[in-house]
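Source file entry.pdb; content: PDB, C-alpha atoms and all ligand atoms.
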```
ATOM      1  CA  LEU R  22       8.357  -7.636 -18.010
ATOM      2  CA  MET R  23       5.126  -6.481 -16.459
ATOM      3  CA  GLN R  24       6.663  -4.041 -14.053
ATOM      4  CA  LEU R  25       8.336  -2.268 -16.932
ATOM      5  CA  TYR R  26       5.049  -0.880 -18.068
ATOM      6  CA  VAL R  27       5.283   2.581 -16.655
ATOM      7  CA  PRO R  28       4.301   5.891 -18.068
ATOM      8  CA  LEU R  29       7.200   8.154 -18.748
ATOM      9  CA  ASN R  30       5.920  11.372 -17.298
ATOM     10  CA  PHE R  31       5.213   9.438 -14.156
ATOM     11  CA  LEU R  32       8.898   8.686 -13.733
ATOM     12  CA  GLY R  33       9.745  12.348 -13.723
ATOM     13  CA  PHE R  34      12.390  11.814 -16.379
ATOM     14  CA  THR R  35      13.221  14.067 -19.227
ATOM     15  CA  TYR R  36      11.330  12.908 -22.247
ATOM     16  CA  LEU R  37      14.241  12.728 -24.673
ATOM     17  CA  THR R  38      12.577  12.387 -28.051
ATOM     18  CA  LEU R  39       9.496  10.791 -26.597
ATOM     19  CA  ASN R  40       7.277  13.785 -26.287
ATOM     20  CA  GLN R  41       4.728  12.376 -28.713
ATOM     21  CA  GLY R  42       4.053   9.542 -26.327
ATOM     22  CA  LEU R  43       5.432   7.050 -28.807
ATOM     23  CA  ILE R  44       8.296   4.796 -28.040
ATOM     24  CA  ASP R  45      10.149   1.670 -29.012
ATOM     25  CA  MET R  46      10.658  -1.219 -26.630
ATOM     26  CA  GLU R  47      14.415  -0.725 -26.665
ATOM     27  CA  GLN R  48      14.093   2.897 -25.699
ATOM     28  CA  MET R  49      11.781   1.950 -22.864
ATOM     29  CA  PHE R  50      14.260  -0.555 -21.478
ATOM     30  CA  SER R  51      17.183   1.809 -21.649
ATOM     31  CA  LEU R  52      15.125   4.496 -19.952
ATOM     32  CA  LEU R  53      14.109   2.221 -17.141
ATOM     33  CA  ARG R  54      17.664   1.203 -16.461
ATOM     34  CA  VAL R  55      18.280   4.801 -15.454
ATOM     35  CA  ASN R  56      16.545   4.506 -12.134
ATOM     36  CA  GLN R  57      18.396   1.976 -10.025
ATOM     37  CA  GLU R  58      18.129   3.874  -6.747
ATOM     38  CA  VAL R  59      15.557   1.571  -5.241
ATOM     39  CA  LYS R  60      16.551  -1.996  -4.303
ATOM     40  CA  ASP R  61      14.747  -5.011  -2.780
ATOM     41  CA  THR R  62      15.701  -5.889   0.785
ATOM     42  CA  PRO R  63      16.779  -9.481   1.424
ATOM     43  CA  GLY R  64      13.717 -11.602   2.251
ATOM     44  CA  ALA R  65      11.316  -8.946   0.920
ATOM     45  CA  LEU R  66       7.581  -9.722   1.150
ATOM     46  CA  GLU R  67       5.355 -10.510  -1.814
ATOM     47  CA  LEU R  68       2.395  -8.144  -1.996
ATOM     48  CA  GLU R  69      -0.823  -9.754  -3.210
ATOM     49  CA  ARG R  70      -1.184  -8.544  -6.816
ATOM     50  CA  HIS R  71      -4.872  -9.166  -7.490
ATOM     51  CA  GLY R  72      -7.975  -9.448  -5.390
ATOM     52  CA  ALA R  73      -9.390  -7.278  -2.612
ATOM     53  CA  PRO R  74      -8.522  -3.564  -2.779
ATOM     54  CA  ALA R  75      -5.499  -2.580  -0.682
ATOM     55  CA  GLU R  76      -5.125  -0.055   2.135
ATOM     56  CA  VAL R  77      -2.697   2.753   1.351
ATOM     57  CA  SER R  78      -1.253   5.108   3.978
ATOM     58  CA  PHE R  79       1.240   7.923   3.996
ATOM     59  CA  GLU R  80       2.665   8.682   7.450
ATOM     60  CA  ASP R  81       4.360  12.055   7.748
ATOM     61  CA  VAL R  82       6.139  11.604   4.428
ATOM     62  CA  HIS R  83       8.943  13.977   3.531
ATOM     63  CA  PHE R  84      10.723  13.892   0.210
ATOM     64  CA  ALA R  85      13.282  15.845  -1.805
ATOM     65  CA  TYR R  86      14.678  15.043  -5.261
ATOM     66  CA  ASN R  87      17.661  17.212  -4.350
ATOM     67  CA  PRO R  88      18.685  17.827  -0.725
ATOM     68  CA  ASP R  89      18.433  21.582  -1.095
ATOM     69  CA  ARG R  90      14.744  21.585  -2.059
ATOM     70  CA  GLN R  91      12.053  19.843  -0.023
ATOM     71  CA  ILE R  92       9.120  18.765  -2.197
ATOM     72  CA  LEU R  93       6.925  16.945   0.358
ATOM     73  CA  LYS R  94       7.030  18.346   3.867
ATOM     74  CA  GLY R  95       5.041  15.918   5.982
ATOM     75  CA  VAL R  96       2.168  14.352   4.071
ATOM     76  CA  SER R  97      -0.234  11.996   5.888
ATOM     77  CA  PHE R  98      -3.405  10.343   4.663
ATOM     78  CA  THR R  99      -5.066   6.942   4.541
ATOM     79  CA  ALA R 100      -7.063   5.394   1.736
ATOM     80  CA  ALA R 101      -9.172   2.596   3.189
ATOM     81  CA  PRO R 102      -9.617  -0.411   0.884
ATOM     82  CA  GLY R 103     -11.758   0.605  -2.101
ATOM     83  CA  GLN R 104     -11.702   4.331  -1.373
ATOM     84  CA  LYS R 105     -11.042   7.043  -3.916
ATOM     85  CA  ILE R 106      -8.666   9.746  -2.760
ATOM     86  CA  ALA R 107      -8.131  12.800  -4.951
ATOM     87  CA  ILE R 108      -5.113  15.069  -4.846
ATOM     88  CA  VAL R 109      -5.549  18.591  -6.141
ATOM     89  CA  GLY R 110      -3.316  21.634  -6.028
ATOM     90  CA  PRO R 111      -1.285  23.986  -8.157
ATOM     91  CA  THR R 112       1.314  22.783 -10.626
ATOM     92  CA  GLY R 113       4.536  21.766  -8.896
ATOM     93  CA  SER R 114       2.882  21.246  -5.502
ATOM     94  CA  GLY R 115       4.010  17.586  -5.390
ATOM     95  CA  LYS R 116       0.931  15.665  -6.563
ATOM     96  CA  SER R 117       2.751  13.339  -8.968
ATOM     97  CA  THR R 118       5.576  12.931  -6.475
ATOM     98  CA  ILE R 119       3.104  11.282  -4.079
ATOM     99  CA  SER R 120       2.220   8.698  -6.718
ATOM    100  CA  ARG R 121       5.895   8.092  -7.534
ATOM    101  CA  LEU R 122       6.599   7.310  -3.881
ATOM    102  CA  LEU R 123       3.681   4.885  -3.764
ATOM    103  CA  PHE R 124       5.007   3.150  -6.876
ATOM    104  CA  ARG R 125       8.424   3.310  -5.229
ATOM    105  CA  PHE R 126      10.396   5.016  -7.907
ATOM    106  CA  TYR R 127      11.888   6.894  -5.006
ATOM    107  CA  ASP R 128      11.951   6.295  -1.271
ATOM    108  CA  ALA R 129      10.663   8.791   1.276
ATOM    109  CA  THR R 130      13.452  10.644   3.052
ATOM    110  CA  GLU R 131      11.404  10.688   6.282
ATOM    111  CA  GLY R 132       8.148   8.998   7.244
ATOM    112  CA  ARG R 133       6.616   5.890   5.704
ATOM    113  CA  VAL R 134       4.463   4.805   2.782
ATOM    114  CA  LEU R 135       2.412   1.762   3.736
ATOM    115  CA  VAL R 136       0.398  -0.727   1.715
ATOM    116  CA  ASP R 137      -1.719  -3.160   3.727
ATOM    117  CA  GLY R 138       0.138  -2.055   6.853
ATOM    118  CA  HIS R 139       3.641  -2.760   5.586
ATOM    119  CA  ASP R 140       6.225  -0.257   4.456
ATOM    120  CA  VAL R 141       6.519  -0.356   0.654
ATOM    121  CA  ARG R 142      10.263  -0.902   1.193
ATOM    122  CA  ASP R 143       9.455  -4.314   2.695
ATOM    123  CA  TYR R 144       7.846  -5.626  -0.510
ATOM    124  CA  THR R 145       9.559  -6.860  -3.639
ATOM    125  CA  GLN R 146       9.406  -4.155  -6.278
ATOM    126  CA  ASN R 147       7.909  -6.614  -8.757
ATOM    127  CA  SER R 148       4.955  -7.479  -6.561
ATOM    128  CA  LEU R 149       4.380  -3.866  -5.487
ATOM    129  CA  ARG R 150       4.367  -2.583  -9.059
ATOM    130  CA  ALA R 151       2.213  -5.470 -10.236
ATOM    131  CA  ALA R 152      -0.383  -4.534  -7.605
ATOM    132  CA  ILE R 153      -0.568  -0.922  -8.824
ATOM    133  CA  GLY R 154      -2.027   0.119 -12.157
ATOM    134  CA  VAL R 155      -1.287   3.525 -13.582
ATOM    135  CA  VAL R 156      -3.361   5.380 -16.140
ATOM    136  CA  PRO R 157      -0.978   8.144 -17.106
ATOM    137  CA  GLN R 158      -1.453  11.575 -18.621
ATOM    138  CA  ASP R 159       0.378  10.575 -21.747
ATOM    139  CA  THR R 160       0.151   6.973 -22.714
ATOM    140  CA  VAL R 161       3.122   5.273 -24.223
ATOM    141  CA  LEU R 162       2.195   3.197 -27.251
ATOM    142  CA  PHE R 163       4.570   0.718 -28.789
ATOM    143  CA  ASN R 164       5.108   0.568 -32.530
ATOM    144  CA  ASP R 165       3.017  -2.544 -32.779
ATOM    145  CA  THR R 166      -0.631  -3.583 -33.143
ATOM    146  CA  ILE R 167      -3.437  -2.299 -30.940
ATOM    147  CA  PHE R 168      -3.840  -5.881 -29.787
ATOM    148  CA  TYR R 169      -0.243  -5.997 -28.588
ATOM    149  CA  ASN R 170      -0.557  -2.615 -26.931
ATOM    150  CA  ILE R 171      -3.523  -3.731 -24.844
ATOM    151  CA  ALA R 172      -2.136  -7.219 -24.189
ATOM    152  CA  TYR R 173       0.917  -5.618 -22.628
ATOM    153  CA  GLY R 174      -1.169  -5.170 -19.478
ATOM    154  CA  ARG R 175      -1.081  -8.938 -19.040
ATOM    155  CA  PRO R 176       1.170 -10.957 -21.324
ATOM    156  CA  GLY R 177      -0.595 -14.169 -22.316
ATOM    157  CA  ALA R 178      -4.127 -12.750 -22.146
ATOM    158  CA  THR R 179      -6.621 -14.339 -24.533
ATOM    159  CA  VAL R 180      -8.392 -12.579 -27.399
ATOM    160  CA  GLU R 181     -11.647 -12.687 -25.403
ATOM    161  CA  GLU R 182     -10.001 -11.075 -22.370
ATOM    162  CA  ILE R 183      -8.501  -8.337 -24.499
ATOM    163  CA  GLU R 184     -11.797  -7.583 -26.231
ATOM    164  CA  HIS R 185     -13.592  -7.563 -22.891
ATOM    165  CA  ALA R 186     -11.084  -5.040 -21.485
ATOM    166  CA  ALA R 187     -11.416  -2.897 -24.622
ATOM    167  CA  LYS R 188     -15.208  -2.932 -24.273
ATOM    168  CA  LEU R 189     -15.040  -1.807 -20.641
ATOM    169  CA  ALA R 190     -12.593   0.907 -21.672
ATOM    170  CA  GLN R 191     -15.068   2.058 -24.361
ATOM    171  CA  VAL R 192     -12.521   1.625 -27.138
ATOM    172  CA  HIS R 193     -13.644  -1.678 -28.715
ATOM    173  CA  ASP R 194     -16.122  -0.110 -31.166
ATOM    174  CA  PHE R 195     -13.488   2.315 -32.376
ATOM    175  CA  ILE R 196     -10.979  -0.505 -32.889
ATOM    176  CA  VAL R 197     -13.337  -2.735 -34.871
ATOM    177  CA  SER R 198     -14.284   0.216 -37.079
ATOM    178  CA  LEU R 199     -10.688   0.309 -38.378
ATOM    179  CA  PRO R 200     -10.073  -1.728 -41.566
ATOM    180  CA  GLN R 201      -7.527  -3.931 -39.807
ATOM    181  CA  GLY R 202      -9.261  -3.919 -36.433
ATOM    182  CA  TYR R 203      -7.095  -5.132 -33.558
ATOM    183  CA  LYS R 204      -4.279  -5.815 -36.038
ATOM    184  CA  THR R 205      -3.947  -2.105 -36.835
ATOM    185  CA  LYS R 206      -0.421  -0.892 -36.283
ATOM    186  CA  VAL R 207      -0.183   2.194 -34.066
ATOM    187  CA  GLY R 208       2.694   4.366 -32.970
ATOM    188  CA  GLU R 209       4.911   6.616 -35.003
ATOM    189  CA  ARG R 210       5.153   4.107 -37.853
ATOM    190  CA  GLY R 211       1.449   3.367 -37.823
ATOM    191  CA  LEU R 212      -1.887   4.964 -37.077
ATOM    192  CA  LYS R 213      -1.670   8.004 -34.836
ATOM    193  CA  LEU R 214      -4.317   7.843 -32.148
ATOM    194  CA  SER R 215      -5.846  10.913 -30.538
ATOM    195  CA  GLY R 216      -5.162  11.695 -26.874
ATOM    196  CA  GLY R 217      -8.534  10.294 -25.856
ATOM    197  CA  GLU R 218      -8.058   7.083 -27.862
ATOM    198  CA  LYS R 219      -4.611   6.542 -26.397
ATOM    199  CA  GLN R 220      -5.960   7.069 -22.915
ATOM    200  CA  ARG R 221      -8.660   4.462 -23.513
ATOM    201  CA  VAL R 222      -6.042   1.985 -24.717
ATOM    202  CA  ALA R 223      -4.211   2.659 -21.431
ATOM    203  CA  ILE R 224      -7.418   2.035 -19.500
ATOM    204  CA  ALA R 225      -7.932  -1.269 -21.338
ATOM    205  CA  ARG R 226      -4.354  -2.268 -20.468
ATOM    206  CA  THR R 227      -4.971  -1.471 -16.821
ATOM    207  CA  ILE R 228      -8.259  -3.390 -16.736
ATOM    208  CA  LEU R 229      -6.332  -6.382 -18.057
ATOM    209  CA  LYS R 230      -3.594  -5.926 -15.465
ATOM    210  CA  ASN R 231      -6.286  -6.037 -12.769
ATOM    211  CA  PRO R 232      -4.332  -4.271 -10.018
ATOM    212  CA  ARG R 233      -5.535  -3.734  -6.419
ATOM    213  CA  ILE R 234      -4.485  -0.097  -6.454
ATOM    214  CA  LEU R 235      -5.102   2.376  -9.227
ATOM    215  CA  ILE R 236      -3.346   5.673  -9.881
ATOM    216  CA  LEU R 237      -5.088   7.984 -12.320
ATOM    217  CA  ASP R 238      -2.964  10.847 -13.514
ATOM    218  CA  GLU R 239      -5.487  13.023 -15.208
ATOM    219  CA  ALA R 240      -4.552  14.676 -18.486
ATOM    220  CA  THR R 241      -4.008  18.409 -18.247
ATOM    221  CA  SER R 242      -5.045  18.928 -21.844
ATOM    222  CA  ALA R 243      -8.727  19.503 -22.344
ATOM    223  CA  LEU R 244     -10.641  16.797 -24.179
ATOM    224  CA  ASP R 245     -13.940  17.492 -25.889
ATOM    225  CA  THR R 246     -16.988  16.898 -23.726
ATOM    226  CA  HIS R 247     -18.047  13.698 -25.462
ATOM    227  CA  THR R 248     -14.595  12.096 -25.181
ATOM    228  CA  GLU R 249     -14.327  13.214 -21.585
ATOM    229  CA  GLN R 250     -17.646  11.594 -20.745
ATOM    230  CA  GLU R 251     -16.596   8.333 -22.393
ATOM    231  CA  ILE R 252     -13.316   8.360 -20.513
ATOM    232  CA  SER R 253     -15.006   9.141 -17.197
ATOM    233  CA  ALA R 254     -17.322   6.180 -17.721
ATOM    234  CA  ALA R 255     -14.371   3.918 -18.534
ATOM    235  CA  LEU R 256     -12.488   5.162 -15.498
ATOM    236  CA  ARG R 257     -15.450   4.527 -13.229
ATOM    237  CA  ASP R 258     -15.432   0.913 -14.419
ATOM    238  CA  VAL R 259     -11.736   0.444 -13.855
ATOM    239  CA  ALA R 260     -11.789   2.156 -10.428
ATOM    240  CA  HIS R 261     -14.601  -0.065  -9.181
ATOM    241  CA  ASP R 262     -13.398  -2.292  -6.357
ATOM    242  CA  ARG R 263      -9.892  -0.850  -6.306
ATOM    243  CA  THR R 264      -8.246   1.671  -4.033
ATOM    244  CA  THR R 265      -7.816   4.715  -6.233
ATOM    245  CA  LEU R 266      -5.568   7.740  -6.102
ATOM    246  CA  VAL R 267      -6.546  10.454  -8.574
ATOM    247  CA  ILE R 268      -4.161  13.249  -9.444
ATOM    248  CA  ALA R 269      -6.713  15.703 -10.628
ATOM    249  CA  HIS R 270      -6.499  18.734 -12.818
ATOM    250  CA  ARG R 271     -10.210  19.224 -13.288
ATOM    251  CA  LEU R 272     -12.203  19.468 -10.085
ATOM    252  CA  SER R 273     -15.323  18.147 -11.811
ATOM    253  CA  THR R 274     -13.804  14.659 -11.750
ATOM    254  CA  VAL R 275     -13.171  14.580  -7.992
ATOM    255  CA  THR R 276     -16.543  15.576  -6.585
ATOM    256  CA  ASP R 277     -17.312  11.944  -5.734
ATOM    257  CA  ALA R 278     -13.981  11.253  -3.972
ATOM    258  CA  ASP R 279     -14.089   9.895  -0.411
ATOM    259  CA  GLU R 280     -11.467  12.463   0.493
ATOM    260  CA  ILE R 281      -9.922  15.330  -1.433
ATOM    261  CA  LEU R 282      -6.445  16.441  -0.371
ATOM    262  CA  VAL R 283      -5.525  20.004  -1.250
ATOM    263  CA  LEU R 284      -1.780  20.158  -1.658
ATOM    264  CA  ARG R 285       0.203  23.345  -1.644
ATOM    265  CA  GLU R 286       3.997  23.493  -1.638
ATOM    266  CA  GLY R 287       4.304  19.966  -0.330
ATOM    267  CA  LEU R 288       1.784  20.253   2.495
ATOM    268  CA  ILE R 289      -1.866  19.249   2.742
ATOM    269  CA  VAL R 290      -3.568  22.533   3.528
ATOM    270  CA  GLU R 291      -7.170  21.273   3.425
ATOM    271  CA  ARG R 292      -8.880  17.894   3.285
ATOM    272  CA  GLY R 293     -12.403  16.554   3.170
ATOM    273  CA  THR R 294     -15.235  15.656   0.846
ATOM    274  CA  HIS R 295     -16.266  18.031  -1.915
ATOM    275  CA  ALA R 296     -19.288  19.196   0.100
ATOM    276  CA  ALA R 297     -17.301  19.669   3.311
ATOM    277  CA  LEU R 298     -14.582  21.627   1.515
ATOM    278  CA  LEU R 299     -17.087  23.888  -0.185
ATOM    279  CA  ALA R 300     -18.718  24.576   3.175
ATOM    280  CA  GLN R 301     -15.299  25.410   4.628
ATOM    281  CA  ASN R 302     -15.034  28.200   2.079
ATOM    282  CA  GLY R 303     -11.253  28.095   1.903
ATOM    283  CA  VAL R 304      -8.655  27.245  -0.760
ATOM    284  CA  TYR R 305     -10.680  24.451  -2.385
ATOM    285  CA  ALA R 306     -13.858  26.516  -2.506
ATOM    286  CA  GLY R 307     -11.837  29.249  -4.209
ATOM    287  CA  MET R 308     -10.458  26.796  -6.771
ATOM    288  CA  TRP R 309     -13.957  25.486  -7.425
ATOM    289  CA  ALA R 310     -15.381  28.972  -7.955
ATOM    290  CA  ALA R 311     -12.519  29.813 -10.333
ATOM    291  CA  GLN R 312     -13.092  26.652 -12.343
ATOM    292  CA  VAL R 313     -16.833  27.162 -12.625
ATOM    293  CA  GLU R 314     -16.186  30.665 -13.901
ATOM    294  CA  LEU R 315     -13.658  29.353 -16.427
ATOM    295  CA  ASP R 316     -16.012  26.631 -17.671
ATOM    296  CA  ASP R 317     -18.799  29.170 -18.117
ATOM    297  CA  ALA R 318     -16.549  31.562 -19.994
ATOM    298  CA  SER R 319     -15.201  29.002 -22.472
ATOM    299  CA  PRO R 320     -17.559  26.147 -23.255
ATOM    300  CA  ALA R 321     -15.835  23.105 -24.760
ATOM    301  CA  ILE R 322     -15.758  22.906 -28.551
ATOM    302  CA  ALA R 323     -18.152  19.969 -28.569
ATOM    303  CA  ASP R 324     -20.744  22.000 -26.668
ATOM    304  CA  VAL R 325     -20.673  24.663 -29.330
ATOM    305  CA  ALA R 326     -20.910  22.140 -32.152
ATOM    306  CA  GLU R 327     -23.852  20.227 -30.719
TER     307      GLU R 327
HETATM  308  P1  LIG L 401       1.729  19.167 -12.112
HETATM  309  O1  LIG L 401       0.351  19.550 -11.699
HETATM  310  O2  LIG L 401       2.366  20.231 -12.949
HETATM  311  O3  LIG L 401       1.842  17.800 -12.720
HETATM  312  P2  LIG L 401       2.713  18.215  -9.527
HETATM  313  O4  LIG L 401       1.982  18.818  -8.396
HETATM  314  O5  LIG L 401       2.360  16.841  -9.923
HETATM  315  O6  LIG L 401       2.655  19.197 -10.782
HETATM  316  P3  LIG L 401       5.355  17.139  -9.124
HETATM  317  O7  LIG L 401       5.529  16.524 -10.460
HETATM  318  O8  LIG L 401       5.100  16.262  -7.979
HETATM  319  O9  LIG L 401       4.261  18.297  -9.171
HETATM  320  O10 LIG L 401       6.661  18.001  -8.853
HETATM  321  C1  LIG L 401       6.872  18.720  -7.645
HETATM  322  C2  LIG L 401       8.171  19.495  -7.762
HETATM  323  O11 LIG L 401       9.262  18.586  -7.878
HETATM  324  C3  LIG L 401       8.243  20.387  -8.994
HETATM  325  O12 LIG L 401       8.784  21.628  -8.591
HETATM  326  C4  LIG L 401       9.177  19.682  -9.925
HETATM  327  O13 LIG L 401       9.944  20.605 -10.656
HETATM  328  C5  LIG L 401      10.069  18.879  -8.995
HETATM  329  N1  LIG L 401      10.494  17.628  -9.627
HETATM  330  C6  LIG L 401       9.690  16.694 -10.200
HETATM  331  N2  LIG L 401      10.402  15.645 -10.656
HETATM  332  C7  LIG L 401      11.698  15.911 -10.396
HETATM  333  C8  LIG L 401      12.931  15.228 -10.621
HETATM  334  N3  LIG L 401      12.960  14.039 -11.220
HETATM  335  N4  LIG L 401      14.066  15.829 -10.209
HETATM  336  C9  LIG L 401      14.045  17.035  -9.610
HETATM  337  N5  LIG L 401      12.922  17.739  -9.351
HETATM  338  C10 LIG L 401      11.758  17.198  -9.744
END
```
Mind converting the file's structure to structure tokens?
Ligand code: ATP
Amino acid sequence: LMQLYVPLNFLGFTYLTLNQGLIDMEQMFSLLRVNQEVKDTPGALELERHGAPAEVSFEDVHFAYNPDRQILKGVSFTAAPGQKIAIVGPTGSGKSTISRLLFRFYDATEGRVLVDGHDVRDYTQNSLRAAIGVVPQDTVLFNDTIFYNIAYGRPGATVEEIEHAAKLAQVHDFIVSLPQGYKTKVGERGLKLSGGEKQRVAIARTILKNPRILILDEATSALDTHTEQEISAALRDVAHDRTTLVIAHRLSTVTDADEILVLREGLIVERGTHAALLAQNGVYAGMWAAQVELDDASPAIADVAE
């Protein structure tokens, strides 16, 4: 069951009626049956699910969803165990596609994706997907209690473990402030959570899952400054001691990355630390200058209110 916990936008599927990020179990199962392209090889290896952070490498990876349109045109990078790699670039440049190949929703058409030195195709899908946690842009919540929604990260987790994960994700205080606490029903037939609250539930789920690799797909929608700070703090906790891939929309969240990859039309056009890329005065420096200007021009609502 565990490997079925996947964010929908991450799959690259059409949303059907799911655009509110709310979904029933049945719908989830039928959706996941859609993608049967990827199969285990006989005698596939078991990837270690928990424990020391993994090494992740892309070696000259090419990929196309349809043969007539190349999306990745030779992408190479290595995340050493525990490193944080950020991927930035314009919409449609292939950022999410990279994370889908790592999760093995699709296989590379050329080149290899490696985890701990082995091609992802050599592992069982169950073990690979159990070793990777995804905090998606839009979190899928089941029509069930908050408790259930967090526990989904690790079926069988104890109350203490769930509360601990919720505390690290900075969502525990909010939950206990609700009249029914962890028993509050959420989803379309229950309490509607805000984008930031849903994201923190997803972080709590991922903390509980305790994966060796973390994929953070940053929300495109702007959150107020206070919520964003709380989420950044929660994300720092969950990323600690894991190899992390961040698909970033706001450059402010990637300044501490070990390496930033600037993707454009399926190719890495620049790479380096924030400081090195600024000094290079190229594409990234231009993006940074544009963002700073934007932030100055339109301060977040919370800034105005405070
Ligand atoms: P964004 O910043 O908007 O999330 P991205 O850089 O993550 O964009 P991807 O989601 O990787 O971009 O998509 C890269 C390209 O592949 C886009 O042009 C997109 O239309 C196309 N694409 C994505 N998923 C599919 C799919 N399932 N089938 C066909 N084409 C797809």
Using only C-alpha atoms and all ligand atoms, I'd like a table of the residues in chain R that come within 10 Å of ligand LIG 401 (chain L); for each, show the closest atom pair and its distance in Å rounded to one decimal, ordered by chain and ascending number, as JSON lines.
```
{"residue": "R:Asn30", "atom": "CA", "partner": "L:LIG401", "partner_atom": "O7", "distance": 8.6}
{"residue": "R:Phe31", "atom": "CA", "partner": "L:LIG401", "partner_atom": "O7", "distance": 8.0}
{"residue": "R:Leu32", "atom": "CA", "partner": "L:LIG401", "partner_atom": "N3", "distance": 7.2}
{"residue": "R:Gly33", "atom": "CA", "partner": "L:LIG401", "partner_atom": "N3", "distance": 4.4}
{"residue": "R:Phe34", "atom": "CA", "partner": "L:LIG401", "partner_atom": "N3", "distance": 5.6}
{"residue": "R:Thr35", "atom": "CA", "partner": "L:LIG401", "partner_atom": "N3", "distance": 8.0}
{"residue": "R:Phe84", "atom": "CA", "partner": "L:LIG401", "partner_atom": "O11", "distance": 9.5}
{"residue": "R:Ala85", "atom": "CA", "partner": "L:LIG401", "partner_atom": "O11", "distance": 7.8}
{"residue": "R:Tyr86", "atom": "CA", "partner": "L:LIG401", "partner_atom": "C9", "distance": 4.8}
{"residue": "R:Asn87", "atom": "CA", "partner": "L:LIG401", "partner_atom": "C9", "distance": 6.4}
{"residue": "R:Arg90", "atom": "CA", "partner": "L:LIG401", "partner_atom": "N5", "distance": 8.4}
{"residue": "R:Gln91", "atom": "CA", "partner": "L:LIG401", "partner_atom": "O11", "distance": 8.4}
{"residue": "R:Ile92", "atom": "CA", "partner": "L:LIG401", "partner_atom": "O11", "distance": 5.7}
{"residue": "R:Leu93", "atom": "CA", "partner": "L:LIG401", "partner_atom": "C1", "distance": 8.2}
{"residue": "R:Ile108", "atom": "CA", "partner": "L:LIG401", "partner_atom": "O4", "distance": 8.8}
{"residue": "R:Val109", "atom": "CA", "partner": "L:LIG401", "partner_atom": "O4", "distance": 7.9}
{"residue": "R:Gly110", "atom": "CA", "partner": "L:LIG401", "partner_atom": "O4", "distance": 6.5}
{"residue": "R:Pro111", "atom": "CA", "partner": "L:LIG401", "partner_atom": "O1", "distance": 5.9}
{"residue": "R:Thr112", "atom": "CA", "partner": "L:LIG401", "partner_atom": "O1", "distance": 3.5}
{"residue": "R:Gly113", "atom": "CA", "partner": "L:LIG401", "partner_atom": "O9", "distance": 3.5}
{"residue": "R:Ser114", "atom": "CA", "partner": "L:LIG401", "partner_atom": "O4", "distance": 3.9}
{"residue": "R:Gly115", "atom": "CA", "partner": "L:LIG401", "partner_atom": "O8", "distance": 3.1}
{"residue": "R:Lys116", "atom": "CA", "partner": "L:LIG401", "partner_atom": "O4", "distance": 3.8}
{"residue": "R:Ser117", "atom": "CA", "partner": "L:LIG401", "partner_atom": "O5", "distance": 3.7}
{"residue": "R:Thr118", "atom": "CA", "partner": "L:LIG401", "partner_atom": "O8", "distance": 3.7}
{"residue": "R:Ile119", "atom": "CA", "partner": "L:LIG401", "partner_atom": "O8", "distance": 6.6}
{"residue": "R:Ser120", "atom": "CA", "partner": "L:LIG401", "partner_atom": "O8", "distance": 8.2}
{"residue": "R:Arg121", "atom": "CA", "partner": "L:LIG401", "partner_atom": "O8", "distance": 8.2}
{"residue": "R:Leu122", "atom": "CA", "partner": "L:LIG401", "partner_atom": "O8", "distance": 10.0}
{"residue": "R:Phe126", "atom": "CA", "partner": "L:LIG401", "partner_atom": "N3", "distance": 9.9}
{"residue": "R:Tyr127", "atom": "CA", "partner": "L:LIG401", "partner_atom": "N3", "distance": 9.5}
{"residue": "R:Gln158", "atom": "CA", "partner": "L:LIG401", "partner_atom": "O3", "distance": 9.2}
{"residue": "R:Asp238", "atom": "CA", "partner": "L:LIG401", "partner_atom": "O3", "distance": 8.5}
{"residue": "R:Glu239", "atom": "CA", "partner": "L:LIG401", "partner_atom": "O3", "distance": 9.1}
{"residue": "R:Ala240", "atom": "CA", "partner": "L:LIG401", "partner_atom": "O3", "distance": 9.2}
{"residue": "R:Thr241", "atom": "CA", "partner": "L:LIG401", "partner_atom": "O1", "distance": 7.9}
{"residue": "R:Ile268", "atom": "CA", "partner": "L:LIG401", "partner_atom": "O5", "distance": 7.5}
{"residue": "R:Ala269", "atom": "CA", "partner": "L:LIG401", "partner_atom": "O1", "distance": 8.1}
{"residue": "R:His270", "atom": "CA", "partner": "L:LIG401", "partner_atom": "O1", "distance": 7.0}
{"residue": "R:Leu284", "atom": "CA", "partner": "L:LIG401", "partner_atom": "O4", "distance": 7.8}
{"residue": "R:Arg285", "atom": "CA", "partner": "L:LIG401", "partner_atom": "O4", "distance": 8.3}
{"residue": "R:Glu286", "atom": "CA", "partner": "L:LIG401", "partner_atom": "C1", "distance": 8.2}
{"residue": "R:Gly287", "atom": "CA", "partner": "L:LIG401", "partner_atom": "C1", "distance": 7.9}
```
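Within 7 Å of Gly174 (chain R), once only C-alpha atoms are used and residues closer than 3 positions along the same chain are dropped, the contacting residues are Ile171, Arg226, Thr227, Leu229 and Lys230 of chain R.
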field: Given all atoms listed in the file as the counted atoms, nearest of R:Lys188, R:Phe195, R:Lys213, R:Asp140 to Asn164 (chain R)
entry: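 Result for the nearest residue to Asn164 (chain R): R:Lys213.
Every protein, DNA or RNA residue with an atom at most 9 Å from Val222 (chain R), where only C-alpha atoms count and chain neighbours fewer than 2 positions away do not, is listed here: Thr160, Leu162, Ile167, Asn170, Ile171, Ala187, Ala190, Val192, Gly217, Glu218, Lys219, Gln220, Ile224, Ala225, Arg226 and Thr227 of chain R.
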query: Care to translate the PyMOL selection byres (((chain R and resi 305) around 9) and not hetatm) into actual residues of this file, as an MDAnalysis selection string?
result: chainID R and resid 109:110 283 291:292 295 298:299 301:304 306:310
Matched chain/residue IDs from the PyMOL selection byres (((chain R and resi 141) around 12) and not hetatm), as number ranges by chain: R: 59-62, 65-68, 76-80, 121-129, 132-140, 142-150, 152-153
